[in-house]
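Novice: Below are the structure tokens for one structure; questions will follow.
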Amino acid sequence: MKTETLARLRAARAGRQSVARVMALDGSVDAVVEDGDGPLPETVLELARAALKQNRSYDFEHEGARWFVQAFNPPLRLVVVGAVHISQPLIRMAESLGYDVTLVDPRSAFATAARFPGVTISDEWPDDALETLDVDGRTAVVTLTHDPKLDDPALHVALRSEAFYIGALGSRRTHEKRAERLAGAGFDEAAISRIHAPIGLDLGGRAPAEIALAIAAQMTEALYR
């Protein structure tokens, strides 16, 4: 690998930027493509975008030449707002799926190292925490406190971000009231519709671990579909 290519890949990772390395196997091209755009044939760029979306690599032929596209996405992140019972199994599942997890809850009695060993915990107010984390397109945000004073500020930041998944705990009636508050805060219907609520796929379970499984499954669906 060229020193220049390695430097660009390292810089992209440090800046949490998605890039693809595109190579013609005859050695004529070795480029780093940012966000699926660049001075390459459109067919090649389409494969670069697909590689980034699916977080995988492709070996293919274009106009008689062999090409290879390799995705370099920043690590997935999950921000969980609320140190509640559902958070414990959800965090374990997310970590097993490769997410870097941050738990946000200013209520120190709930967000403790004893309840969440080894987990990065922020005791900032949720909107401040999310602003600091700089939520991007490789980040999922889940609000679980069921308390508008904590969930709503987090949703304000998440809805202004490129988060690939936003989920909020609560019944349909709870979400209707939430949507009214968000509309009053200036968010339009398209923005509010980004929130998965009631949260998680409808798997039928009601236990905390079952709800966590439904959320993790819905996050995975949102990431790839």
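Chain labels follow the order of the structure tokens: the first chain is A, the next B, and so on; residue numbering restarts at 1 in every chain, and ligands are counted from 1 in their shown order.
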Tell me, which residues of region 59-223 of chain A carry DSSP strand (DSSP E or B), written as an mmCIF file with N, CA and C atoms, in the first residue's frame?
Specialist:
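Listed below is the output, selection29.cif:
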data_model
loop_
_atom_site.group_PDB
_atom_site.id
_atom_site.type_symbol
_atom_site.label_atom_id
_atom_site.label_comp_id
_atom_site.auth_asym_id
_atom_site.auth_seq_id
_atom_site.Cartn_x
_atom_site.Cartn_y
_atom_site.Cartn_z
ATOM 1 N N ASP A 59 -15.043 -7.726 -5.437
ATOM 2 C CA ASP A 59 -14.113 -8.038 -6.519
ATOM 3 C C ASP A 59 -14.966 -8.170 -7.772
ATOM 4 N N PHE A 60 -14.708 -7.358 -8.797
ATOM 5 C CA PHE A 60 -15.599 -7.351 -9.953
ATOM 6 C C PHE A 60 -14.827 -6.997 -11.225
ATOM 7 N N GLU A 61 -15.519 -7.163 -12.352
ATOM 8 C CA GLU A 61 -14.934 -6.852 -13.651
ATOM 9 C C GLU A 61 -15.666 -5.672 -14.260
ATOM 10 N N HIS A 62 -14.913 -4.740 -14.835
ATOM 11 C CA HIS A 62 -15.500 -3.594 -15.520
ATOM 12 C C HIS A 62 -14.696 -3.305 -16.776
ATOM 13 N N ALA A 65 -11.485 -5.197 -17.299
ATOM 14 C CA ALA A 65 -10.452 -5.099 -16.260
ATOM 15 C C ALA A 65 -11.020 -5.572 -14.923
ATOM 16 N N ARG A 66 -10.157 -6.146 -14.088
ATOM 17 C CA ARG A 66 -10.559 -6.587 -12.769
ATOM 18 C C ARG A 66 -10.328 -5.464 -11.755
ATOM 19 N N TRP A 67 -11.313 -5.284 -10.873
ATOM 20 C CA TRP A 67 -11.257 -4.235 -9.859
ATOM 21 C C TRP A 67 -11.517 -4.827 -8.481
ATOM 22 N N PHE A 68 -11.068 -4.094 -7.479
ATOM 23 C CA PHE A 68 -11.339 -4.498 -6.097
ATOM 24 C C PHE A 68 -11.682 -3.240 -5.300
ATOM 25 N N VAL A 69 -12.803 -3.310 -4.580
ATOM 26 C CA VAL A 69 -13.237 -2.196 -3.737
ATOM 27 C C VAL A 69 -13.308 -2.680 -2.296
ATOM 28 N N GLN A 70 -12.665 -1.944 -1.409
ATOM 29 C CA GLN A 70 -12.643 -2.298 0.012
ATOM 30 C C GLN A 70 -13.204 -1.146 0.835
ATOM 31 N N ALA A 71 -14.192 -1.444 1.680
ATOM 32 C CA ALA A 71 -14.821 -0.414 2.513
ATOM 33 C C ALA A 71 -14.012 -0.164 3.780
ATOM 34 N N PHE A 72 -13.904 1.102 4.137
ATOM 35 C CA PHE A 72 -13.289 1.509 5.398
ATOM 36 C C PHE A 72 -14.262 2.454 6.097
ATOM 37 N N ARG A 77 -21.446 3.076 16.392
ATOM 38 C CA ARG A 77 -21.622 3.560 17.763
ATOM 39 C C ARG A 77 -23.101 3.482 18.145
ATOM 40 N N LEU A 78 -23.332 3.229 19.407
ATOM 41 C CA LEU A 78 -24.679 3.281 19.958
ATOM 42 C C LEU A 78 -24.664 4.201 21.167
ATOM 43 N N VAL A 79 -25.570 5.166 21.161
ATOM 44 C CA VAL A 79 -25.762 6.039 22.319
ATOM 45 C C VAL A 79 -27.084 5.650 22.959
ATOM 46 N N VAL A 80 -27.020 5.190 24.190
ATOM 47 C CA VAL A 80 -28.209 4.789 24.934
ATOM 48 C C VAL A 80 -28.499 5.859 25.976
ATOM 49 N N VAL A 81 -29.657 6.470 25.893
ATOM 50 C CA VAL A 81 -30.059 7.482 26.865
ATOM 51 C C VAL A 81 -30.991 6.808 27.878
ATOM 52 N N ASP A 100 -19.459 0.501 19.525
ATOM 53 C CA ASP A 100 -18.901 1.227 20.658
ATOM 54 C C ASP A 100 -20.076 1.907 21.355
ATOM 55 N N VAL A 101 -20.286 1.606 22.621
ATOM 56 C CA VAL A 101 -21.488 2.060 23.316
ATOM 57 C C VAL A 101 -21.170 3.136 24.333
ATOM 58 N N THR A 102 -21.993 4.175 24.347
ATOM 59 C CA THR A 102 -21.949 5.193 25.395
ATOM 60 C C THR A 102 -23.322 5.258 26.051
ATOM 61 N N LEU A 103 -23.339 5.159 27.358
ATOM 62 C CA LEU A 103 -24.574 5.273 28.126
ATOM 63 C C LEU A 103 -24.655 6.683 28.690
ATOM 64 N N VAL A 104 -25.782 7.354 28.446
ATOM 65 C CA VAL A 104 -25.963 8.733 28.886
ATOM 66 C C VAL A 104 -27.100 8.789 29.900
ATOM 67 N N THR A 120 -18.784 2.874 28.876
ATOM 68 C CA THR A 120 -18.520 4.313 28.937
ATOM 69 C C THR A 120 -19.810 5.021 29.341
ATOM 70 N N ILE A 121 -19.753 5.761 30.443
ATOM 71 C CA ILE A 121 -20.939 6.427 30.980
ATOM 72 C C ILE A 121 -20.729 7.931 30.987
ATOM 73 N N SER A 122 -21.714 8.661 30.466
ATOM 74 C CA SER A 122 -21.703 10.124 30.514
ATOM 75 C C SER A 122 -22.809 10.583 31.451
ATOM 76 N N THR A 139 -23.931 6.115 13.633
ATOM 77 C CA THR A 139 -24.356 6.140 15.033
ATOM 78 C C THR A 139 -25.848 5.874 15.153
ATOM 79 N N ALA A 140 -26.202 5.049 16.124
ATOM 80 C CA ALA A 140 -27.597 4.819 16.490
ATOM 81 C C ALA A 140 -27.854 5.488 17.838
ATOM 82 N N VAL A 141 -29.038 6.067 17.992
ATOM 83 C CA VAL A 141 -29.423 6.731 19.235
ATOM 84 C C VAL A 141 -30.715 6.103 19.734
ATOM 85 N N VAL A 142 -30.701 5.658 20.984
ATOM 86 C CA VAL A 142 -31.868 5.022 21.585
ATOM 87 C C VAL A 142 -32.184 5.731 22.899
ATOM 88 N N THR A 143 -33.412 6.212 23.044
ATOM 89 C CA THR A 143 -33.819 6.867 24.286
ATOM 90 C C THR A 143 -34.791 5.958 25.030
ATOM 91 N N TYR A 165 -30.100 5.422 12.885
ATOM 92 C CA TYR A 165 -31.232 4.850 13.612
ATOM 93 C C TYR A 165 -31.524 5.718 14.828
ATOM 94 N N ILE A 166 -32.806 6.024 15.017
ATOM 95 C CA ILE A 166 -33.269 6.754 16.200
ATOM 96 C C ILE A 166 -34.491 6.015 16.725
ATOM 97 N N GLY A 167 -34.419 5.576 17.964
ATOM 98 C CA GLY A 167 -35.534 4.845 18.557
ATOM 99 C C GLY A 167 -35.888 5.418 19.912
ATOM 100 N N ALA A 168 -37.169 5.386 20.253
ATOM 101 C CA ALA A 168 -37.625 5.945 21.529
ATOM 102 C C ALA A 168 -38.642 5.002 22.169
ATOM 103 N N ILE A 195 -38.118 8.649 13.797
ATOM 104 C CA ILE A 195 -38.080 7.977 15.098
ATOM 105 C C ILE A 195 -38.825 6.650 15.019
ATOM 106 N N HIS A 196 -38.161 5.583 15.422
ATOM 107 C CA HIS A 196 -38.803 4.280 15.517
ATOM 108 C C HIS A 196 -39.514 4.205 16.863
#
Novice: Excluding region 31-39 of chain A and its own-chain neighbours fewer than 3 positions away, which residues fall within 8 Å of it when counting only C-alpha atoms? Please give them as a compact mmCIF listing (two decimals) with C-alpha atoms, in the first residue's frame.
Specialist:
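Writing done, so here's selection15.txt:
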# COMPACT_ATOMS: atom_id res chain seq x y z
CA THR A 5 -3.03 5.86 0.61
CA ARG A 8 -5.55 9.05 3.85
CA LEU A 9 -7.09 5.92 5.36
CA GLN A 17 -15.25 9.43 7.68
CA SER A 18 -16.40 6.59 5.41
CA VAL A 19 -14.04 5.94 2.50
CA ALA A 20 -13.45 3.13 0.05
CA ARG A 21 -10.16 2.01 -1.41
CA VAL A 22 -10.61 1.34 -5.12
CA MET A 23 -7.98 -0.61 -7.01
CA LEU A 45 -18.38 4.32 -7.92
CA GLU A 46 -21.69 2.47 -7.58
CA ALA A 48 -17.86 1.74 -3.89
CA ARG A 49 -21.15 3.10 -2.51
CA LEU A 52 -19.71 1.36 2.13
Novice: Skipping near chain neighbours, those fewer than 5 positions away, what residues fall within 10 Å of Glu131 (chain A) using only C-alpha atoms, listed as a PyMOL selection string?
Specialist: chain A and resi 126+154+157-158+161
Novice: Please, could you write that set of residues out with N, CA and C atoms as a tab-separated table (two decimals), in the first residue's frame?
Specialist:
chain	number	residue	atom	x	y	z
A	126	PRO	N	-28.52	14.87	28.36
A	126	PRO	CA	-28.47	14.15	27.08
A	126	PRO	C	-28.13	14.98	25.86
A	154	ALA	N	-32.40	14.75	23.92
A	154	ALA	CA	-31.58	13.85	23.11
A	154	ALA	C	-32.14	13.73	21.70
A	157	VAL	N	-31.28	16.63	19.32
A	157	VAL	CA	-29.95	16.55	18.70
A	157	VAL	C	-29.92	15.44	17.66
A	158	ALA	N	-30.49	14.29	18.00
A	158	ALA	CA	-30.46	13.14	17.08
A	158	ALA	C	-31.16	13.46	15.76
A	161	SER	N	-29.17	15.31	13.32
A	161	SER	CA	-27.94	14.61	12.93
A	161	SER	C	-28.21	13.64	11.78
Novice: When you count only C-alpha atoms, which of these residues is closest to Ala24 (chain A): A:Val44, A:Ala12, A:Ala217, A:Ala179?
Specialist: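 Of A:Val44, A:Ala12, A:Ala217, A:Ala179, the one nearest Ala24 (chain A), counting only C-alpha atoms, is A:Val44.
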Novice: Quick check, in Å to one decimal: how far apart do CA of Arg181 (chain A) and CA of Asp152 (chain A) lie?
Specialist: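 Calculated distance between CA of Arg181 (chain A) and CA of Asp152 (chain A) is 8.4 Å.
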Novice: Could you check how far CA of Leu201 (chain A) sits from CA of His175 (chain A), in Å to one decimal?
Specialist: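 Atom-to-atom, CA of Leu201 (chain A) to CA of His175 (chain A), that is 15.8 Å.
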Novice: With distances taken over only C-alpha atoms, which of A:Ala7, A:Ser28, A:Asn73, A:Ile86 is nearest to Pro208 (chain A)?
Specialist: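 Of A:Ala7, A:Ser28, A:Asn73, A:Ile86, the one nearest Pro208 (chain A) is A:Ile86, counting only C-alpha atoms.
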Novice: Can you work out the spacing between CA of Glu124 (chain A) and CA of Asp147 (chain A) in Å, to one decimal?
Specialist: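 Separation of CA of Glu124 (chain A) and CA of Asp147 (chain A): 15.6 Å.
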Novice: Of the candidates A:Lys2, A:Met93, A:Arg10, A:Leu47, which one gets nearest to Val29 (chain A) if we count only C-alpha atoms?
Specialist: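 Of all the options, A:Lys2 lies closest to Val29 (chain A).
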Novice: Which of region 87-184 of chain A counts as alpha helix (DSSP H) under DSSP, as an mmCIF file with C-alpha atoms, in the first residue's frame please?
Specialist:
data_model
loop_
_atom_site.group_PDB
_atom_site.id
_atom_site.type_symbol
_atom_site.label_atom_id
_atom_site.label_comp_id
_atom_site.auth_asym_id
_atom_site.auth_seq_id
_atom_site.Cartn_x
_atom_site.Cartn_y
_atom_site.Cartn_z
ATOM 1 C CA SER A 87 -30.233 -0.881 28.704
ATOM 2 C CA GLN A 88 -28.271 -3.684 30.334
ATOM 3 C CA PRO A 89 -29.039 -6.478 27.833
ATOM 4 C CA LEU A 90 -29.167 -4.007 24.920
ATOM 5 C CA ILE A 91 -25.647 -2.812 25.628
ATOM 6 C CA ARG A 92 -24.331 -6.370 25.848
ATOM 7 C CA MET A 93 -25.999 -7.257 22.547
ATOM 8 C CA ALA A 94 -24.743 -4.104 20.837
ATOM 9 C CA GLU A 95 -21.188 -4.707 21.982
ATOM 10 C CA SER A 96 -21.343 -8.258 20.613
ATOM 11 C CA PRO A 126 -28.474 14.147 27.085
ATOM 12 C CA ASP A 127 -28.382 16.969 24.537
ATOM 13 C CA ASP A 128 -24.979 18.127 25.773
ATOM 14 C CA ALA A 129 -23.663 14.564 25.676
ATOM 15 C CA LEU A 130 -24.873 13.967 22.129
ATOM 16 C CA GLU A 131 -23.447 17.281 20.937
ATOM 17 C CA THR A 132 -20.091 16.281 22.416
ATOM 18 C CA LEU A 133 -20.239 12.843 20.779
ATOM 19 C CA PRO A 148 -39.549 13.779 28.287
ATOM 20 C CA LYS A 149 -37.138 15.930 30.290
ATOM 21 C CA LEU A 150 -34.346 13.526 29.334
ATOM 22 C CA ASP A 151 -35.513 11.875 26.112
ATOM 23 C CA ASP A 152 -36.697 14.982 24.262
ATOM 24 C CA PRO A 153 -33.393 16.918 24.447
ATOM 25 C CA ALA A 154 -31.577 13.851 23.110
ATOM 26 C CA LEU A 155 -34.079 13.507 20.273
ATOM 27 C CA HIS A 156 -33.642 17.169 19.346
ATOM 28 C CA VAL A 157 -29.953 16.547 18.700
ATOM 29 C CA ALA A 158 -30.458 13.141 17.080
ATOM 30 C CA LEU A 159 -33.055 14.461 14.617
ATOM 31 C CA ARG A 172 -48.203 4.720 20.551
ATOM 32 C CA ARG A 173 -50.069 7.201 22.747
ATOM 33 C CA THR A 174 -46.805 8.249 24.374
ATOM 34 C CA HIS A 175 -45.283 8.778 20.944
ATOM 35 C CA GLU A 176 -48.249 10.835 19.776
ATOM 36 C CA LYS A 177 -47.636 13.227 22.663
ATOM 37 C CA ARG A 178 -43.914 13.170 21.920
ATOM 38 C CA ALA A 179 -44.577 14.024 18.277
ATOM 39 C CA GLU A 180 -46.736 16.958 19.343
ATOM 40 C CA ARG A 181 -43.915 18.300 21.524
ATOM 41 C CA LEU A 182 -41.380 17.876 18.741
ATOM 42 C CA ALA A 183 -43.664 19.608 16.253
ATOM 43 C CA GLY A 184 -44.014 22.469 18.723
#
Novice: Considering only C-alpha atoms, can you say which of A:Leu25, A:Ala163, A:Ala83, A:Ala113 comes closest to Leu223 (chain A)?
Specialist: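 Nearest to Leu223 (chain A): A:Ala163.
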